[in-house]
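Student: Before anything else, here's the structure in question.
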Amino acid sequence: MEDLYKINRTLETAIKMEAEGKLEEAIKNYKEAYIHMVELARESKGAERKKRAEQAEQILKTYKRLENSDAGEDRLEKGKKILESLNIEPPEIPKITFDDVAGLNDVKNEILSKIIYPMRYKELSQEYNIEFGGGMLLFGPPGTGKTFIVKAIANEVKANFINVNPSSLYSQWFGQFEKNISQLFRAAYLLSPSIIFFDEIDTLVPKRSGTESDAAKRGVSQLLTEVGGLTSEKDKNIFIIAATNNPWAIDEAILRPGRFDVKIYVPPPDFDARVKLFQLKLSKIKPLGNIDYEELAKLTERYSGADIEFICKKAVQNVFMEVIKTGNKIPVTTDDIISVIYQIKPSIDERMLEKYREYMAQ
Ligand SMILES: Nc1ncnc2c1ncn2[C@@H]1O[C@H](COP(=O)(O)OP(=O)(O)O)[C@@H](O)[C@H]1O
Ligand SMILES: [Mg+2]
């Protein structure tokens, strides 16, 4: 009788999970219930035995149906539909690669060892018991390439990039916020391998002030549950990466072990990275003069990658207008770029950098 009680509890869990849309969990529990029910039938006799066997058959059918509903081509379509219903842009494998990312060598190495290699060399990493999965938090000044590098990661591991804007998940309707979060993870599973990217995570899970709504609190705890679940089920091929310019504004609960416990600082580009940034951002311009990249890098300390991209665009635009006016096809020169640098202030300042240093020193 003890066994039957346990089986029923497992079934209850399965049904609850199914109702919540956590199909993998549901399948796992149905399977367990099925195995025990078969055993119970084997141990029983007569009518009892027949009844248990029928029940086992029933459970088997249920979970086969669930498993099949996740099969093949259908998975992608379903995952996409869920994202659409959550107002999240369609998933894609981005075209950006690690070579398009200037500088950030430490960041790249960290990501290679924690995400890319374990995913690419799965069996090997299991043999060496390399831990991976869970969540990673990128923080640093705006425009330093946090979003950009996550796209490159997705490309390197050929994973679907799911770009989550916090405002599309939040809802003050009772239960809706949690449901959205759990649906998001369901979609990520269907689209796996996938990367869920929470941009501006500080707005999704702000530091607790004691005045937040119940909806917000439950949303955070749902997120923690989902992330924790992934850490313990590494075979799911889902990575969670979050980014923020304001790491000090995040609810600390999400930074604990097993959650977003790998924290990586994404610094402003150093000299070499700025040289590379100018080279990359001008690489598609055909009428290009002999550019003094080192001079440009010297003049752009504390400019972010985004600033440098903007400067290049603006300089090229200026030259283009000149060409249209005069009908004279001239190349873009170092001076054209320098004159734009003088017009634009860097978006990073010393005070801001000091704040990050303080945060890291804690
Ligand atoms: N290290 C970098 N290498 C190449 N491009 C960069 C880099 N940093 C920033 N950029 C450029 O600036 C743009 C904005 O960067 P983004 O990733 O959105 O910054 P963040 O998310 O850190 O605010 C990117 O689309 C990219 O073109
Ligand atoms: Mg960003």
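Here's how to read the names in the structure tokens: chain A, B, ... by the order shown, residue numbers from 1 in each chain, ligand numbers from 1 in the order shown.
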Hey, which residues sit close to ligand 2? Say within 12 Å, counting only C-alpha atoms and all ligand atoms, and write them as a short mmCIF file (atom, residue, chain, number, x, y, z; two decimals) with N, CA, C and O atoms, in the first residue's frame.

Tutor:
data_model
loop_
_atom_site.label_atom_id
_atom_site.label_comp_id
_atom_site.auth_asym_id
_atom_site.auth_seq_id
_atom_site.Cartn_x
_atom_site.Cartn_y
_atom_site.Cartn_z
N LEU A 138 26.99 39.39 -17.02
CA LEU A 138 27.98 40.31 -17.57
C LEU A 138 27.62 41.71 -17.09
O LEU A 138 26.47 42.12 -17.21
N PHE A 139 28.60 42.42 -16.56
CA PHE A 139 28.31 43.79 -16.15
C PHE A 139 29.44 44.71 -16.57
O PHE A 139 30.58 44.27 -16.75
N GLY A 140 29.10 45.98 -16.72
CA GLY A 140 30.10 46.94 -17.15
C GLY A 140 29.43 48.15 -17.75
O GLY A 140 28.20 48.17 -17.89
N PRO A 141 30.23 49.15 -18.12
CA PRO A 141 29.66 50.39 -18.66
C PRO A 141 28.82 50.14 -19.92
O PRO A 141 29.05 49.13 -20.59
N PRO A 142 27.91 51.03 -20.22
CA PRO A 142 27.08 50.87 -21.41
C PRO A 142 27.91 50.91 -22.69
O PRO A 142 28.92 51.61 -22.75
N GLY A 143 27.51 50.14 -23.67
CA GLY A 143 28.15 50.19 -24.98
C GLY A 143 29.47 49.47 -25.09
O GLY A 143 30.21 49.63 -26.06
N THR A 144 29.80 48.63 -24.09
CA THR A 144 31.09 47.94 -24.13
C THR A 144 31.00 46.57 -24.82
O THR A 144 31.98 45.83 -24.84
N GLY A 145 29.82 46.23 -25.31
CA GLY A 145 29.72 45.00 -26.10
C GLY A 145 29.13 43.81 -25.37
O GLY A 145 29.34 42.66 -25.78
N LYS A 146 28.38 44.05 -24.31
CA LYS A 146 27.81 42.93 -23.55
C LYS A 146 26.81 42.16 -24.41
O LYS A 146 26.92 40.94 -24.57
N THR A 147 25.85 42.88 -24.95
CA THR A 147 24.87 42.22 -25.81
C THR A 147 25.57 41.59 -27.02
O THR A 147 25.27 40.45 -27.40
N PHE A 148 26.49 42.34 -27.57
CA PHE A 148 27.23 41.91 -28.77
C PHE A 148 27.95 40.58 -28.54
O PHE A 148 27.88 39.67 -29.36
N ILE A 149 28.62 40.45 -27.40
CA ILE A 149 29.41 39.24 -27.17
C ILE A 149 28.50 38.03 -26.90
O ILE A 149 28.83 36.90 -27.25
N VAL A 150 27.34 38.27 -26.32
CA VAL A 150 26.41 37.15 -26.10
C VAL A 150 25.92 36.61 -27.44
O VAL A 150 25.78 35.40 -27.63
N LYS A 151 25.69 37.52 -28.38
CA LYS A 151 25.30 37.08 -29.72
C LYS A 151 26.41 36.23 -30.33
O LYS A 151 26.15 35.21 -30.98
N ASN A 163 16.40 36.87 -26.96
CA ASN A 163 16.70 38.18 -26.38
C ASN A 163 15.50 38.67 -25.57
O ASN A 163 14.49 39.08 -26.13
N VAL A 164 15.62 38.58 -24.26
CA VAL A 164 14.48 38.90 -23.41
C VAL A 164 14.57 40.31 -22.87
O VAL A 164 15.52 40.68 -22.19
N ASN A 165 13.58 41.07 -23.22
CA ASN A 165 13.48 42.41 -22.69
C ASN A 165 12.56 42.32 -21.47
O ASN A 165 11.45 41.84 -21.58
N PHE A 197 18.87 35.32 -22.99
CA PHE A 197 19.62 36.51 -22.61
C PHE A 197 18.69 37.52 -21.95
O PHE A 197 17.75 38.02 -22.57
N PHE A 198 18.94 37.77 -20.67
CA PHE A 198 18.15 38.78 -19.96
C PHE A 198 18.93 40.10 -19.98
O PHE A 198 19.90 40.26 -19.24
N ASP A 199 18.52 40.99 -20.86
CA ASP A 199 19.19 42.28 -20.93
C ASP A 199 18.62 43.16 -19.82
O ASP A 199 17.46 43.03 -19.47
N GLU A 200 19.47 44.01 -19.29
CA GLU A 200 19.05 44.91 -18.20
C GLU A 200 18.33 44.15 -17.09
O GLU A 200 17.22 44.50 -16.71
N ILE A 201 19.00 43.14 -16.59
CA ILE A 201 18.39 42.28 -15.57
C ILE A 201 18.03 43.05 -14.32
O ILE A 201 17.11 42.67 -13.58
N ILE A 241 22.19 33.89 -19.70
CA ILE A 241 23.15 34.96 -19.52
C ILE A 241 22.37 36.25 -19.30
O ILE A 241 21.38 36.51 -19.97
N ALA A 242 22.83 37.00 -18.32
CA ALA A 242 22.17 38.28 -18.04
C ALA A 242 23.20 39.38 -18.18
O ALA A 242 24.40 39.14 -18.07
N ALA A 243 22.73 40.59 -18.44
CA ALA A 243 23.65 41.72 -18.53
C ALA A 243 23.05 42.92 -17.81
O ALA A 243 21.83 43.04 -17.70
N THR A 244 23.94 43.74 -17.31
CA THR A 244 23.49 44.96 -16.66
C THR A 244 24.59 46.02 -16.64
O THR A 244 25.77 45.68 -16.59
N ASN A 245 24.18 47.27 -16.67
CA ASN A 245 25.13 48.37 -16.45
C ASN A 245 25.19 48.71 -14.97
O ASN A 245 26.06 49.45 -14.53
N ASN A 246 24.21 48.21 -14.22
CA ASN A 246 24.09 48.57 -12.80
C ASN A 246 24.02 47.35 -11.90
O ASN A 246 22.98 47.04 -11.32
N VAL A 266 32.84 43.46 -17.96
CA VAL A 266 33.15 43.80 -19.34
C VAL A 266 33.65 45.24 -19.36
O VAL A 266 32.87 46.18 -19.24
N GLY A 305 32.89 50.95 -27.17
CA GLY A 305 32.81 50.35 -28.50
C GLY A 305 31.66 50.96 -29.29
O GLY A 305 31.77 51.22 -30.49
N ALA A 306 30.55 51.20 -28.60
CA ALA A 306 29.39 51.79 -29.26
C ALA A 306 29.71 53.21 -29.72
O ALA A 306 29.32 53.62 -30.82
#

Student: List the neighbours of Glu57 of chain A out to 12 Å using only C-alpha atoms; skip same-chain residues closer than 2 positions along the sequence, and give me the result as a list in words.

Tutor: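 My reading of the contact set: Tyr30, Lys31, Ala33, Tyr34, Ile35, His36, Met37, Val38, Ala41, Lys50, Lys51, Arg52, Ala53, Glu54, Gln55, Ile59, Leu60, Lys61, Thr62, Tyr63 and Lys64 of chain A.
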
Student: Excluding same-chain residues fewer than 2 positions from Gly103 of chain A, what lies within 8 Å of it counting only C-alpha atoms, as a list in words?

Tutor: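 That gives Val101, Asn105, Pro269, Asp270, Asp272, Ala273, Arg274 and Lys276 of chain A.
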
Student: To one decimal place, how far is atom CA of Phe278 of chain A from atom CA of Asp99 of chain A in Å?

Tutor: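 The value is 13.9 Å.
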
Student: To one decimal place in Å, what is the distance between atom CA of Arg120 of chain A and atom CA of Asn160 of chain A?

Tutor: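 Value for the atom CA of Arg120 of chain A-atom CA of Asn160 of chain A distance: 14.8 Å.
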
Student: What separation in Å, quoted to one decimal, exists between atom 5 (N, counted along the ligand's line) of ligand 1 and atom CA of Lys114 of chain A?

Tutor: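 Result for atom 5 (N, counted along the ligand's line) of ligand 1 versus atom CA of Lys114 of chain A: 21.7 Å, one decimal.
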
Student: Excluding Ile250 of chain A and residues on its chain fewer than 3 positions from it, collect all residues at most 10 Å away from it, counting only C-alpha atoms, and give them as a VMD selection string.

Tutor: chain A and resid 200 to 208 244 246 to 247 253 to 255

Student: Please extract the residues of segment 83-232 of chain A with a backbone DSSP assignment of strand (DSSP E) and present them as JSON, numbers by chain.

Tutor: {"A": [135, 136, 137, 138, 139, 160, 161, 162, 163, 164, 194, 195, 196, 197, 198]}

Student: What's the 8 Å shell around segment 128-131 of chain A, counting only C-alpha atoms, without same-chain residues fewer than 2 positions away, as a PyMOL selection string?

Tutor: chain A and resi 114+118+124-126+133

Student: Show which residues sit within 12 Å of Lys179 of chain A, as a short mmCIF file (atom, residue, chain, number, x, y, z; two decimals) with N, CA and C atoms, in the first residue's frame. Count only C-alpha atoms, and ignore same-chain residues fewer than 4 positions away.

Tutor:
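out-v4.cif was written with the following content:
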data_model
loop_
_atom_site.label_atom_id
_atom_site.label_comp_id
_atom_site.auth_asym_id
_atom_site.auth_seq_id
_atom_site.Cartn_x
_atom_site.Cartn_y
_atom_site.Cartn_z
N ALA A 19 0.25 20.82 -15.99
CA ALA A 19 -0.64 21.99 -15.98
C ALA A 19 0.16 23.29 -16.02
N GLU A 20 1.33 23.25 -15.43
CA GLU A 20 2.16 24.46 -15.41
C GLU A 20 3.01 24.60 -16.67
N GLY A 21 2.86 23.64 -17.56
CA GLY A 21 3.59 23.73 -18.82
C GLY A 21 5.02 23.22 -18.71
N LYS A 22 5.36 22.63 -17.56
CA LYS A 22 6.72 22.09 -17.43
C LYS A 22 6.72 20.64 -17.87
N ILE A 82 5.53 30.26 -28.65
CA ILE A 82 5.51 30.71 -27.25
C ILE A 82 6.18 32.08 -27.14
N SER A 85 4.01 34.77 -28.30
CA SER A 85 2.95 35.11 -27.35
C SER A 85 3.48 35.92 -26.18
N LEU A 86 4.80 35.84 -25.96
CA LEU A 86 5.40 36.62 -24.87
C LEU A 86 5.95 37.95 -25.37
N LEU A 169 8.11 40.46 -20.06
CA LEU A 169 7.75 39.35 -19.16
C LEU A 169 6.88 39.81 -18.00
N TYR A 170 7.14 41.03 -17.56
CA TYR A 170 6.48 41.48 -16.35
C TYR A 170 4.99 41.63 -16.55
N SER A 171 4.23 41.22 -15.54
CA SER A 171 2.80 41.46 -15.57
C SER A 171 2.33 41.56 -14.14
N GLN A 172 1.43 42.46 -13.89
CA GLN A 172 0.95 42.57 -12.52
C GLN A 172 -0.28 41.69 -12.28
N TRP A 173 -0.75 41.03 -13.35
CA TRP A 173 -1.89 40.14 -13.17
C TRP A 173 -1.49 38.96 -12.32
N PHE A 174 -2.39 38.53 -11.48
CA PHE A 174 -2.07 37.46 -10.56
C PHE A 174 -1.55 36.23 -11.30
N GLY A 175 -0.37 35.81 -10.93
CA GLY A 175 0.18 34.57 -11.49
C GLY A 175 0.77 34.70 -12.89
N GLN A 183 6.96 29.84 -19.05
CA GLN A 183 6.77 29.65 -20.50
C GLN A 183 8.05 29.95 -21.28
N LEU A 184 8.75 30.97 -20.83
CA LEU A 184 10.00 31.34 -21.49
C LEU A 184 11.00 30.17 -21.44
N PHE A 185 11.11 29.55 -20.27
CA PHE A 185 12.05 28.43 -20.14
C PHE A 185 11.58 27.22 -20.94
N ARG A 186 10.28 27.08 -21.03
CA ARG A 186 9.73 26.00 -21.85
C ARG A 186 10.12 26.23 -23.31
N ALA A 215 3.42 40.30 -7.03
CA ALA A 215 3.68 39.76 -8.37
C ALA A 215 5.18 39.77 -8.64
N ARG A 218 6.99 37.07 -6.56
CA ARG A 218 6.78 35.71 -7.06
C ARG A 218 7.51 35.48 -8.38
N GLY A 219 7.60 36.54 -9.17
CA GLY A 219 8.33 36.43 -10.44
C GLY A 219 9.79 36.10 -10.18
N VAL A 220 10.38 36.81 -9.24
CA VAL A 220 11.79 36.56 -8.92
C VAL A 220 11.98 35.14 -8.43
N SER A 221 11.08 34.69 -7.57
CA SER A 221 11.29 33.35 -7.04
C SER A 221 11.08 32.29 -8.12
N GLN A 222 10.19 32.57 -9.05
CA GLN A 222 10.02 31.65 -10.18
C GLN A 222 11.30 31.59 -11.02
N LEU A 223 11.89 32.74 -11.24
CA LEU A 223 13.12 32.80 -12.03
C LEU A 223 14.23 32.00 -11.35
N GLU A 226 13.66 28.30 -11.82
CA GLU A 226 13.98 27.84 -13.18
C GLU A 226 15.50 27.76 -13.39
#
